[in-house]
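Q: Take a look at this one; I'll ask things after.
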Amino acid sequence: MNLAVVARTQWLQSRRAMWSGGRPRRGVVGIVIAALMSAAFSVTFIVLFSALESTGGPAEARARVLGWAFTFAFVLLALGDLLTVVSAAATAPDLERLLAAPLRPRELLLIKFMETLSRTLGPVVAIALPAALCFAASTPGVSGIALLVALGTLWAVPIALGSALAMPLLRLAPAARLRESIAVLATLAFLGGWLANTFWMPRLLVSTDVAARLRAIPPPPFWSPATWAADALARPGERGLEALAACIAASLGSLLLAFGVAERLLSRLQPGAVPAAGTLVRGSSRRAGTLAGAFLRRDVALFSRDWPVLLDLAARLLLWTLLPLAILPLTPMPPAELVRAMLVTLTLSIGNDIGARALPLERHALAWARLSPVGGARWVRYRVLGVAFLAVSILLAGAVIAGAALRLSPLGILDAFAFALPAAATALGFGLLIGALLADPEWRDPRAMLGPGGRTVSALVMLAQGGAWVAASHVLGPGPVGPGWLVTLGLGGAFVAWVLLVITARALERREYTAR
Amino acid sequence: MTQTRARPLVIDALTRRFGTVTAVSALSLEVRAGEIVGFLGANGAGKTTTLRCASGLLAPDQGRIEVAGADLEREPRVAKARLGLVPDRPFLYDRLSAREFLAFVAALYDLPADAAARRAEELLARLELAEHADRTLEGYSLGMRQKTAIAAALLHSPPLLLLDEPLNGLDPPSARLLKELLREHARAGGGVLVSTHLLDVAERLCDRVVILRAGRVVAEGTLASLRGDRHERSLEDVFMELGGSGT
């Protein structure tokens, strides 16, 4: 294999994914998102390490903070890399060609490592690098070589172990099923990390003795390569050298394991052509009846049978609803306002996760909106039926649970629900429009039904509209909103939602099918 | 089949551009009732673009398309109800079973539920899918997916059938079955426009062929008329002379 040519080709592909024809391409969005995440994590680590430094916190506490930061990056990398490897094996159009080429399995694996480098480096650049640099800035005498080895370990061990694990797994289960299962695991890890971080950080910030709380953090698991990487940077003398040696050994050992497994199994791997068996559907022969009934039946089937999507949706709905509780230590709120804020943040998820995914969920079958005599306007109308039913049910359940937990009266719960209803309508309108404009019909990860640009736009739009509704709730005061304002807000929300749906229908009618 | 006296397809001076590239330029063709027309051309000649414009998936930049008497731009719903498309890559819902998918498509075309169910069962049986019809489509092979798309296109018995490389992924018995279905459709008075790279199939199946090159029609007619007085020439010879040397 001519490694230089392969590397150059990968570099050309990566470069053109970001910039070609004199203009930026969609690959740039990934870099911008990584840079933004990196900036956000940098701020967090600067706050943490500064708090420890200003209060004379011991080196042990700094090492633990760094260890946990590396552990978080490591877990994300381990799951993300496994998903990347499985996806690369399951969906890469070139795998069959590469398997047929006169390449040794280890060379093929090396090509795949290079091909997926931009994806597997993401958490290293976004989380581990800021943590390491902030730590180095607050701690004199950190070795540059140790920093490189630590970051290299955080990249090499997860990708190598992910590959070594993925290859036997791919022989046991169809790639599509495996990918879904790992995506669910990634969602759960994200959920756990988010909950811990969101509830811990605000409480830490309002704490009177930040350093004391940081010192109380338990040590990260001693057996983890992430801990060794942190120790290589943070521990002086012999312990640091031992950790450095452990990092190098772990990296080399896991890479050797991956290449060894590749030699044995890669050539016998079935490319992504292996389909899932297909589920036997009971009651499949029932007739659709009306068009509205057909749409509803189809929507129920699509949602209920796509359990990675369903689980991801449930996780996100929960996270968004709990968000106001996370900031409660910083901004205390009376119960009625808190329930309204929780329901408004829930509507963000309804817009972002239900509305914006409703049309992309149909993938290329969305072409029927243009091919059949139904037309874009009716397609959107019937799609809204199912989505609105789901959204209102979720909102009502959210209102009842949050209201009961915070001891609101039934009238108070109804008031909060009526306040959030127009917010949900506008969020759905925005979501459907964004989905119609920026859907990625080739999505594989349920979190990526929109392209990176689409997800960014969706998140920003939802945050802007959610911010406006939370501000309105705050202006309306701590008590119930009252019928006058509820009617005004309801009519305003309904009008905005109607306008958005009309634009969505036009977008769908004009959406051309140009895929190859 | 929906009977109309009009010709199933009339395309008049169709032009479609993608940025600075003109994919189809002033293309005119028609498909008459009872006729199977082969649509031939090298890769990138404009076949798929023409079929997508004719089915309403793409909007023409210029020109007029009439499906069984209905103008596609002015009466899109009427025109679309009169055509069925088998795209090069089937538009399926992977999490639906074939039966559920056909029931949904039937509802899109406003077919009476009972009649649609009978027709769906008939097509599933003909296409040898009945045994698997309660399994979700994600588990279907390429050929089974293609056959499901064919069933969806035939479900409402449209006067016009458009097929883009329909033999992709089909095994020889299925390919033969499809050809029979197309002939039956034509015998019943429908029109068929089928794009294919398989010249021997076009030669045996089609009543007429249209050869496209760089988005323009370079030859059109029956095989006999295209051969002219050189009867020994095959369609492949004619194609290579007219359209086979690229776009």
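Identifiers in the structure tokens: chain A, B, ... in order shown; residue index from 1 per chain; ligand index from 1 in order shown.
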Report as a tab-separated table: every residue of chain B with an atom at most 6 Å from chain A, its closest pair of atoms, and their distance in Å to one decimal, counting only C-alpha atoms, with rows sorted by chain and ascending residue number.
A:
residue	atom	partner	partner_atom	distance
B:Leu57	CA	A:Tyr513	CA	5.5
B:Leu58	CA	A:Glu512	CA	5.2
B:Arg77	CA	A:Pro373	CA	4.3
B:Lys80	CA	A:Pro373	CA	5.1
B:Ala81	CA	A:Pro373	CA	5.4
B:Phe91	CA	A:Ala365	CA	4.4
B:Leu92	CA	A:Ala365	CA	5.3
B:Arg95	CA	A:Leu302	CA	5.8
B:Arg99	CA	A:Ser285	CA	5.9
B:Glu100	CA	A:Ser284	CA	5.8
B:Ala103	CA	A:Ala288	CA	5.8
B:Phe104	CA	A:Ala294	CA	5.6
B:Ala107	CA	A:Leu291	CA	5.3
B:Ala113	CA	A:Gly289	CA	5.7
B:Asp134	CA	A:Val281	CA	5.4
B:Arg135	CA	A:Leu280	CA	4.4
B:Thr136	CA	A:Gly278	CA	4.8
B:Glu138	CA	A:Gly278	CA	5.5
B:Gly139	CA	A:Gly278	CA	3.9
Q: Tell me which protein, DNA and RNA residues are within 12 Å of Ile33 of chain A, counting only C-alpha atoms, leaving out same-chain ones fewer than 3 positions away, and put them as a PDB file with N, CA, C and O atoms, in the first residue's frame.
A:
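For reference, part-v5.pdb as written:
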ATOM      1  N   ARG A  26     -20.328  21.797   4.031  1.00  0.00           N
ATOM      2  CA  ARG A  26     -20.972  21.458   5.303  1.00  0.00           C
ATOM      3  C   ARG A  26     -20.007  20.938   6.366  1.00  0.00           C
ATOM      4  O   ARG A  26     -20.303  21.012   7.556  1.00  0.00           O
ATOM      5  N   GLY A  27     -18.833  20.457   5.936  1.00  0.00           N
ATOM      6  CA  GLY A  27     -17.844  19.984   6.900  1.00  0.00           C
ATOM      7  C   GLY A  27     -17.396  21.081   7.856  1.00  0.00           C
ATOM      8  O   GLY A  27     -16.983  20.797   8.983  1.00  0.00           O
ATOM      9  N   VAL A  28     -17.484  22.329   7.410  1.00  0.00           N
ATOM     10  CA  VAL A  28     -17.079  23.460   8.251  1.00  0.00           C
ATOM     11  C   VAL A  28     -17.937  23.521   9.512  1.00  0.00           C
ATOM     12  O   VAL A  28     -17.456  23.886  10.589  1.00  0.00           O
ATOM     13  N   VAL A  29     -19.211  23.147   9.370  1.00  0.00           N
ATOM     14  CA  VAL A  29     -20.127  23.233  10.511  1.00  0.00           C
ATOM     15  C   VAL A  29     -19.615  22.386  11.674  1.00  0.00           C
ATOM     16  O   VAL A  29     -19.649  22.814  12.831  1.00  0.00           O
ATOM     17  N   GLY A  30     -19.109  21.193  11.354  1.00  0.00           N
ATOM     18  CA  GLY A  30     -18.571  20.314  12.392  1.00  0.00           C
ATOM     19  C   GLY A  30     -17.424  20.982  13.126  1.00  0.00           C
ATOM     20  O   GLY A  30     -17.318  20.890  14.360  1.00  0.00           O
ATOM     21  N   LEU A  36     -16.887  25.643  19.200  1.00  0.00           N
ATOM     22  CA  LEU A  36     -17.789  26.223  20.208  1.00  0.00           C
ATOM     23  C   LEU A  36     -17.800  25.374  21.484  1.00  0.00           C
ATOM     24  O   LEU A  36     -17.753  25.896  22.601  1.00  0.00           O
ATOM     25  N   MET A  37     -17.869  24.040  21.271  1.00  0.00           N
ATOM     26  CA  MET A  37     -17.844  23.142  22.434  1.00  0.00           C
ATOM     27  C   MET A  37     -16.526  23.283  23.186  1.00  0.00           C
ATOM     28  O   MET A  37     -16.487  23.315  24.417  1.00  0.00           O
ATOM     29  N   SER A  38     -15.456  23.388  22.431  1.00  0.00           N
ATOM     30  CA  SER A  38     -14.138  23.542  23.033  1.00  0.00           C
ATOM     31  C   SER A  38     -14.087  24.831  23.861  1.00  0.00           C
ATOM     32  O   SER A  38     -13.556  24.836  24.980  1.00  0.00           O
ATOM     33  N   ALA A  39     -14.668  25.911  23.311  1.00  0.00           N
ATOM     34  CA  ALA A  39     -14.678  27.193  24.037  1.00  0.00           C
ATOM     35  C   ALA A  39     -15.495  27.068  25.321  1.00  0.00           C
ATOM     36  O   ALA A  39     -15.077  27.535  26.391  1.00  0.00           O
ATOM     37  N   ALA A  40     -16.662  26.389  25.211  1.00  0.00           N
ATOM     38  CA  ALA A  40     -17.528  26.245  26.386  1.00  0.00           C
ATOM     39  C   ALA A  40     -16.824  25.423  27.475  1.00  0.00           C
ATOM     40  O   ALA A  40     -16.841  25.792  28.658  1.00  0.00           O
ATOM     41  N   GLY A 122     -12.961  14.515  17.486  1.00  0.00           N
ATOM     42  CA  GLY A 122     -13.878  15.546  18.019  1.00  0.00           C
ATOM     43  C   GLY A 122     -13.832  15.718  19.533  1.00  0.00           C
ATOM     44  O   GLY A 122     -13.467  16.796  20.032  1.00  0.00           O
ATOM     45  N   PRO A 123     -14.166  14.663  20.326  1.00  0.00           N
ATOM     46  CA  PRO A 123     -14.170  14.837  21.781  1.00  0.00           C
ATOM     47  C   PRO A 123     -12.785  15.152  22.353  1.00  0.00           C
ATOM     48  O   PRO A 123     -12.684  15.808  23.380  1.00  0.00           O
ATOM     49  N   VAL A 125     -10.540  17.089  20.911  1.00  0.00           N
ATOM     50  CA  VAL A 125     -10.350  18.531  20.697  1.00  0.00           C
ATOM     51  C   VAL A 125     -11.333  19.336  21.555  1.00  0.00           C
ATOM     52  O   VAL A 125     -10.979  20.381  22.103  1.00  0.00           O
ATOM     53  N   ALA A 126     -12.561  18.837  21.688  1.00  0.00           N
ATOM     54  CA  ALA A 126     -13.597  19.623  22.368  1.00  0.00           C
ATOM     55  C   ALA A 126     -13.490  19.553  23.891  1.00  0.00           C
ATOM     56  O   ALA A 126     -13.798  20.539  24.566  1.00  0.00           O
ATOM     57  N   PRO A 452     -25.418  18.796  10.296  1.00  0.00           N
ATOM     58  CA  PRO A 452     -24.863  19.615  11.383  1.00  0.00           C
ATOM     59  C   PRO A 452     -25.387  21.055  11.350  1.00  0.00           C
ATOM     60  O   PRO A 452     -25.723  21.635  12.391  1.00  0.00           O
ATOM     61  N   GLY A 453     -25.490  21.620  10.139  1.00  0.00           N
ATOM     62  CA  GLY A 453     -26.014  22.992  10.012  1.00  0.00           C
ATOM     63  C   GLY A 453     -27.454  23.060  10.474  1.00  0.00           C
ATOM     64  O   GLY A 453     -27.854  23.994  11.189  1.00  0.00           O
ATOM     65  N   GLY A 454     -28.251  22.067  10.069  1.00  0.00           N
ATOM     66  CA  GLY A 454     -29.664  22.028  10.446  1.00  0.00           C
ATOM     67  C   GLY A 454     -29.848  21.937  11.948  1.00  0.00           C
ATOM     68  O   GLY A 454     -30.699  22.604  12.529  1.00  0.00           O
ATOM     69  N   ARG A 455     -29.003  21.104  12.573  1.00  0.00           N
ATOM     70  CA  ARG A 455     -29.112  20.960  14.033  1.00  0.00           C
ATOM     71  C   ARG A 455     -28.743  22.260  14.735  1.00  0.00           C
ATOM     72  O   ARG A 455     -29.374  22.658  15.711  1.00  0.00           O
ATOM     73  N   THR A 456     -27.733  22.941  14.215  1.00  0.00           N
ATOM     74  CA  THR A 456     -27.329  24.212  14.819  1.00  0.00           C
ATOM     75  C   THR A 456     -28.459  25.237  14.682  1.00  0.00           C
ATOM     76  O   THR A 456     -28.832  25.906  15.654  1.00  0.00           O
ATOM     77  N   VAL A 457     -29.005  25.329  13.464  1.00  0.00           N
ATOM     78  CA  VAL A 457     -30.091  26.285  13.228  1.00  0.00           C
ATOM     79  C   VAL A 457     -31.269  25.957  14.140  1.00  0.00           C
ATOM     80  O   VAL A 457     -31.841  26.831  14.800  1.00  0.00           O
ATOM     81  N   ALA A 459     -31.352  24.303  16.981  1.00  0.00           N
ATOM     82  CA  ALA A 459     -31.068  24.595  18.398  1.00  0.00           C
ATOM     83  C   ALA A 459     -31.154  26.098  18.662  1.00  0.00           C
ATOM     84  O   ALA A 459     -31.758  26.532  19.652  1.00  0.00           O
TER      85      ALA A 459
END
Q: List as an NGL selection string the protein and nucleic acid residues near Leu395 of chain A, meaning an atom at most 9 Å away when only C-alpha atoms are counted, but skip any in the same chain fewer than 3 places from it.
A: :A and (343 or 346-347 or 350 or 390-392 or 398-400 or 417 or 420-421 or 424)
Q: Those same residues - C-alpha atoms - I'd like them written as a tab-separated table (two decimals), in the first residue's frame.
A:
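The resulting file, part.tsv, is shown below:
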chain	number	residue	atom	x	y	z
A	343	LEU	CA	-43.20	23.39	30.18
A	346	LEU	CA	-40.31	21.00	27.21
A	347	THR	CA	-41.77	22.74	24.14
A	350	ILE	CA	-41.13	19.20	21.19
A	390	LEU	CA	-48.10	13.48	20.41
A	391	ALA	CA	-46.94	16.97	21.45
A	392	VAL	CA	-50.16	17.87	23.28
A	398	GLY	CA	-45.60	17.21	31.72
A	399	ALA	CA	-48.00	19.82	33.13
A	400	VAL	CA	-49.76	17.31	35.37
A	417	PHE	CA	-50.65	24.11	30.33
A	420	ALA	CA	-47.30	26.46	27.16
A	421	LEU	CA	-49.72	25.39	24.41
A	424	ALA	CA	-45.58	24.28	21.69
Q: Report, in Å with one decimal, the straight-line distance from atom CA of Ala13 of chain B to atom CA of Arg216 of chain B.
A: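 Going from atom CA of Ala13 of chain B over to atom CA of Arg216 of chain B, I get 9.9 Å.
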Q: Report as a list in words all protein, DNA and RNA residues lying within 9 Å of Trp443 of chain A, evaluated on only C-alpha atoms, omitting residues in the same chain fewer than 4 positions from it.
A: Pro360, Leu361, Arg363, Ala439, Arg447, Ala448, Met449, Leu450 and Gly451 of chain A
Q: Could you please take those selected residues and save all heavy atoms as a PDB file, in the first residue's frame?
A:
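File written: result.pdb
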ATOM      1  N   PRO A 360     -37.911  14.527   8.405  1.00  0.00           N
ATOM      2  CA  PRO A 360     -36.712  13.714   8.111  1.00  0.00           C
ATOM      3  C   PRO A 360     -36.872  12.236   8.462  1.00  0.00           C
ATOM      4  O   PRO A 360     -36.239  11.392   7.847  1.00  0.00           O
ATOM      5  CB  PRO A 360     -35.623  14.344   8.995  1.00  0.00           C
ATOM      6  CG  PRO A 360     -36.084  15.722   9.263  1.00  0.00           C
ATOM      7  CD  PRO A 360     -37.579  15.682   9.251  1.00  0.00           C
ATOM      8  N   LEU A 361     -37.744  11.924   9.436  1.00  0.00           N
ATOM      9  CA  LEU A 361     -37.974  10.528   9.820  1.00  0.00           C
ATOM     10  C   LEU A 361     -38.438   9.703   8.619  1.00  0.00           C
ATOM     11  O   LEU A 361     -38.238   8.497   8.564  1.00  0.00           O
ATOM     12  CB  LEU A 361     -39.018  10.463  10.938  1.00  0.00           C
ATOM     13  CG  LEU A 361     -39.284   9.108  11.572  1.00  0.00           C
ATOM     14  CD1 LEU A 361     -38.092   8.641  12.396  1.00  0.00           C
ATOM     15  CD2 LEU A 361     -40.522   9.144  12.470  1.00  0.00           C
ATOM     16  N   ARG A 363     -37.292   9.904   5.658  1.00  0.00           N
ATOM     17  CA  ARG A 363     -36.159   9.690   4.746  1.00  0.00           C
ATOM     18  C   ARG A 363     -36.563   9.992   3.294  1.00  0.00           C
ATOM     19  O   ARG A 363     -37.279  10.934   3.044  1.00  0.00           O
ATOM     20  CB  ARG A 363     -35.643   8.259   4.869  1.00  0.00           C
ATOM     21  CG  ARG A 363     -35.096   7.910   6.235  1.00  0.00           C
ATOM     22  CD  ARG A 363     -34.648   6.463   6.234  1.00  0.00           C
ATOM     23  NE  ARG A 363     -34.226   6.036   7.554  1.00  0.00           N
ATOM     24  CZ  ARG A 363     -32.985   6.126   8.007  1.00  0.00           C
ATOM     25  NH1 ARG A 363     -32.053   6.660   7.264  1.00  0.00           N
ATOM     26  NH2 ARG A 363     -32.681   5.689   9.209  1.00  0.00           N
ATOM     27  N   ALA A 439     -33.543  18.669   6.160  1.00  0.00           N
ATOM     28  CA  ALA A 439     -33.501  17.230   6.467  1.00  0.00           C
ATOM     29  C   ALA A 439     -32.323  16.558   5.771  1.00  0.00           C
ATOM     30  O   ALA A 439     -31.958  16.933   4.661  1.00  0.00           O
ATOM     31  CB  ALA A 439     -34.793  16.573   6.006  1.00  0.00           C
ATOM     32  N   ARG A 447     -29.988  11.150  16.287  1.00  0.00           N
ATOM     33  CA  ARG A 447     -29.760  12.546  16.689  1.00  0.00           C
ATOM     34  C   ARG A 447     -29.351  13.407  15.516  1.00  0.00           C
ATOM     35  O   ARG A 447     -29.206  14.614  15.658  1.00  0.00           O
ATOM     36  CB  ARG A 447     -28.681  12.597  17.781  1.00  0.00           C
ATOM     37  CG  ARG A 447     -29.184  12.157  19.133  1.00  0.00           C
ATOM     38  CD  ARG A 447     -28.050  11.940  20.077  1.00  0.00           C
ATOM     39  NE  ARG A 447     -27.235  10.814  19.652  1.00  0.00           N
ATOM     40  CZ  ARG A 447     -26.104  10.457  20.227  1.00  0.00           C
ATOM     41  NH1 ARG A 447     -25.644  11.131  21.221  1.00  0.00           N
ATOM     42  NH2 ARG A 447     -25.435   9.413  19.787  1.00  0.00           N
ATOM     43  N   ALA A 448     -29.127  12.786  14.368  1.00  0.00           N
ATOM     44  CA  ALA A 448     -28.600  13.548  13.234  1.00  0.00           C
ATOM     45  C   ALA A 448     -29.529  13.471  12.019  1.00  0.00           C
ATOM     46  O   ALA A 448     -29.072  13.318  10.899  1.00  0.00           O
ATOM     47  CB  ALA A 448     -27.213  13.023  12.883  1.00  0.00           C
ATOM     48  N   MET A 449     -30.839  13.591  12.275  1.00  0.00           N
ATOM     49  CA  MET A 449     -31.761  13.570  11.140  1.00  0.00           C
ATOM     50  C   MET A 449     -31.635  14.851  10.316  1.00  0.00           C
ATOM     51  O   MET A 449     -32.012  14.898   9.147  1.00  0.00           O
ATOM     52  CB  MET A 449     -33.198  13.418  11.629  1.00  0.00           C
ATOM     53  CG  MET A 449     -33.484  12.065  12.205  1.00  0.00           C
ATOM     54  SD  MET A 449     -35.232  11.901  12.496  1.00  0.00           S
ATOM     55  CE  MET A 449     -35.241  10.558  13.634  1.00  0.00           C
ATOM     56  N   LEU A 450     -31.170  15.912  10.982  1.00  0.00           N
ATOM     57  CA  LEU A 450     -30.806  17.121  10.250  1.00  0.00           C
ATOM     58  C   LEU A 450     -29.285  17.086  10.133  1.00  0.00           C
ATOM     59  O   LEU A 450     -28.610  16.511  10.979  1.00  0.00           O
ATOM     60  CB  LEU A 450     -31.217  18.366  11.024  1.00  0.00           C
ATOM     61  CG  LEU A 450     -32.686  18.482  11.441  1.00  0.00           C
ATOM     62  CD1 LEU A 450     -32.881  19.682  12.353  1.00  0.00           C
ATOM     63  CD2 LEU A 450     -33.576  18.616  10.223  1.00  0.00           C
ATOM     64  N   GLY A 451     -28.745  17.729   9.108  1.00  0.00           N
ATOM     65  CA  GLY A 451     -27.289  17.833   9.006  1.00  0.00           C
ATOM     66  C   GLY A 451     -26.756  18.701  10.142  1.00  0.00           C
ATOM     67  O   GLY A 451     -27.542  19.282  10.898  1.00  0.00           O
TER      68      GLY A 451
END
Q: Set the distance at 6 Å and use only C-alpha atoms: which residues neighbour Arg7 of chain B once local chain neighbours fewer than 2 positions away are removed? I'd like the list as a ChimeraX atom specification.
A: /B:9,32-33,68
Q: If you count only C-alpha atoms, which residues fall within 12 Å of Arg187 of chain B, apart from same-chain ones fewer than 4 positions away, as a list of chain:residue names?
A: B:Met1, B:Arg32, B:Ala33, B:Gly34, B:Glu35, B:Ile36, B:Pro159, B:Glu180, B:Leu181, B:Leu182, B:Arg183, B:Gly191, B:Val192, B:Asp207
Q: Export C-alpha atoms of the chosen residues as a PDB file, in the first residue's frame?
A:
ATOM      1  CA  MET B   1     -57.028   0.997 -15.435  1.00  0.00           C
ATOM      2  CA  ARG B  32     -49.091   6.601 -26.888  1.00  0.00           C
ATOM      3  CA  ALA B  33     -51.703   4.361 -25.335  1.00  0.00           C
ATOM      4  CA  GLY B  34     -50.790   0.686 -25.548  1.00  0.00           C
ATOM      5  CA  GLU B  35     -47.161   1.453 -26.212  1.00  0.00           C
ATOM      6  CA  ILE B  36     -43.934   0.574 -24.391  1.00  0.00           C
ATOM      7  CA  PRO B 159     -52.588   5.235 -17.584  1.00  0.00           C
ATOM      8  CA  GLU B 180     -44.975  -9.542 -18.586  1.00  0.00           C
ATOM      9  CA  LEU B 181     -46.579  -6.986 -16.289  1.00  0.00           C
ATOM     10  CA  LEU B 182     -45.482  -4.150 -18.551  1.00  0.00           C
ATOM     11  CA  ARG B 183     -46.868  -5.895 -21.615  1.00  0.00           C
ATOM     12  CA  GLY B 191     -48.438   3.704 -21.778  1.00  0.00           C
ATOM     13  CA  VAL B 192     -45.002   2.794 -20.475  1.00  0.00           C
ATOM     14  CA  ASP B 207     -42.405  -0.950 -29.320  1.00  0.00           C
TER      15      ASP B 207
END
Q: Where does DSSP see helix (DSSP H, G or I) in segment 103-165 of chain B, if you list the residues as a ChimeraX atom specification?
A: /B:103-108,113-126,130-132,137-139,142-154
Q: Go ahead and write the selection's residues with N, CA and C atoms as a compact mmCIF listing (two decimals), in the first residue's frame.
A:
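File again-v8.txt, as written:
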# COMPACT_ATOMS: atom_id res chain seq x y z
N ALA B 103 -50.97 -0.22 1.61
CA ALA B 103 -52.21 0.39 2.12
C ALA B 103 -52.05 1.90 2.23
N PHE B 104 -50.87 2.34 2.65
CA PHE B 104 -50.62 3.79 2.76
C PHE B 104 -50.63 4.44 1.37
N VAL B 105 -49.95 3.78 0.42
CA VAL B 105 -49.91 4.33 -0.95
C VAL B 105 -51.33 4.37 -1.54
N ALA B 106 -52.11 3.34 -1.25
CA ALA B 106 -53.50 3.32 -1.75
C ALA B 106 -54.27 4.52 -1.21
N ALA B 107 -54.04 4.85 0.05
CA ALA B 107 -54.73 6.00 0.64
C ALA B 107 -54.26 7.30 -0.01
N LEU B 108 -52.98 7.36 -0.37
CA LEU B 108 -52.47 8.57 -1.04
C LEU B 108 -53.19 8.80 -2.36
N ALA B 113 -60.83 1.35 0.04
CA ALA B 113 -60.01 0.45 0.85
C ALA B 113 -60.13 -1.01 0.41
N ASP B 114 -61.34 -1.48 0.16
CA ASP B 114 -61.52 -2.89 -0.19
C ASP B 114 -60.87 -3.24 -1.53
N ALA B 115 -61.15 -2.38 -2.51
CA ALA B 115 -60.59 -2.62 -3.84
C ALA B 115 -59.07 -2.54 -3.79
N ALA B 116 -58.56 -1.57 -3.01
CA ALA B 116 -57.10 -1.41 -2.89
C ALA B 116 -56.47 -2.64 -2.25
N ALA B 117 -57.13 -3.16 -1.23
CA ALA B 117 -56.59 -4.33 -0.54
C ALA B 117 -56.56 -5.52 -1.49
N ARG B 118 -57.63 -5.68 -2.29
CA ARG B 118 -57.67 -6.80 -3.25
C ARG B 118 -56.55 -6.66 -4.29
N ARG B 119 -56.41 -5.43 -4.80
CA ARG B 119 -55.38 -5.17 -5.81
C ARG B 119 -53.98 -5.40 -5.22
N ALA B 120 -53.79 -4.95 -3.98
CA ALA B 120 -52.48 -5.12 -3.33
C ALA B 120 -52.16 -6.61 -3.19
N GLU B 121 -53.13 -7.38 -2.75
CA GLU B 121 -52.90 -8.83 -2.58
C GLU B 121 -52.58 -9.48 -3.93
N GLU B 122 -53.30 -9.04 -4.96
CA GLU B 122 -53.07 -9.59 -6.30
C GLU B 122 -51.63 -9.30 -6.76
N LEU B 123 -51.20 -8.05 -6.56
CA LEU B 123 -49.85 -7.67 -6.98
C LEU B 123 -48.79 -8.37 -6.13
N LEU B 124 -49.05 -8.46 -4.82
CA LEU B 124 -48.08 -9.14 -3.94
C LEU B 124 -47.92 -10.60 -4.36
N ALA B 125 -49.03 -11.21 -4.73
CA ALA B 125 -48.97 -12.61 -5.16
C ALA B 125 -48.23 -12.72 -6.49
N ARG B 126 -48.58 -11.85 -7.45
CA ARG B 126 -47.92 -11.89 -8.77
C ARG B 126 -46.41 -11.70 -8.64
N ALA B 130 -46.00 -12.11 -1.39
CA ALA B 130 -47.07 -12.34 -0.41
C ALA B 130 -46.56 -12.99 0.87
N GLU B 131 -45.63 -13.92 0.71
CA GLU B 131 -45.12 -14.66 1.85
C GLU B 131 -44.38 -13.76 2.85
N HIS B 132 -43.78 -12.69 2.31
CA HIS B 132 -42.96 -11.80 3.16
C HIS B 132 -43.68 -10.49 3.47
N LEU B 137 -39.95 -3.66 5.73
CA LEU B 137 -39.20 -3.58 4.48
C LEU B 137 -37.69 -3.48 4.69
N GLU B 138 -37.27 -3.13 5.90
CA GLU B 138 -35.82 -2.99 6.17
C GLU B 138 -35.08 -4.30 5.92
N GLY B 139 -35.81 -5.42 6.02
CA GLY B 139 -35.16 -6.72 5.83
C GLY B 139 -35.22 -7.22 4.40
N LEU B 142 -32.52 -6.16 -2.29
CA LEU B 142 -32.66 -5.11 -3.30
C LEU B 142 -33.79 -5.44 -4.28
N GLY B 143 -33.83 -6.69 -4.72
CA GLY B 143 -34.85 -7.11 -5.67
C GLY B 143 -36.25 -7.04 -5.07
N MET B 144 -36.38 -7.43 -3.80
CA MET B 144 -37.70 -7.38 -3.15
C MET B 144 -38.15 -5.93 -2.97
N ARG B 145 -37.22 -5.07 -2.68
CA ARG B 145 -37.56 -3.64 -2.54
C ARG B 145 -38.04 -3.10 -3.90
N GLN B 146 -37.33 -3.52 -4.95
CA GLN B 146 -37.70 -3.06 -6.28
C GLN B 146 -39.11 -3.56 -6.64
N LYS B 147 -39.39 -4.81 -6.28
CA LYS B 147 -40.72 -5.37 -6.59
C LYS B 147 -41.81 -4.66 -5.78
N THR B 148 -41.48 -4.25 -4.55
CA THR B 148 -42.46 -3.51 -3.75
C THR B 148 -42.75 -2.16 -4.41
N ALA B 149 -41.69 -1.53 -4.94
CA ALA B 149 -41.89 -0.25 -5.62
C ALA B 149 -42.73 -0.43 -6.88
N ILE B 150 -42.53 -1.56 -7.56
CA ILE B 150 -43.33 -1.85 -8.77
C ILE B 150 -44.80 -2.03 -8.39
N ALA B 151 -45.03 -2.76 -7.29
CA ALA B 151 -46.41 -2.95 -6.83
C ALA B 151 -47.05 -1.61 -6.49
N ALA B 152 -46.28 -0.73 -5.84
CA ALA B 152 -46.83 0.58 -5.46
C ALA B 152 -47.17 1.40 -6.69
N ALA B 153 -46.35 1.29 -7.75
CA ALA B 153 -46.60 2.07 -8.96
C ALA B 153 -47.81 1.54 -9.73
N LEU B 154 -48.05 0.23 -9.63
CA LEU B 154 -49.16 -0.37 -10.39
C LEU B 154 -50.47 -0.38 -9.61
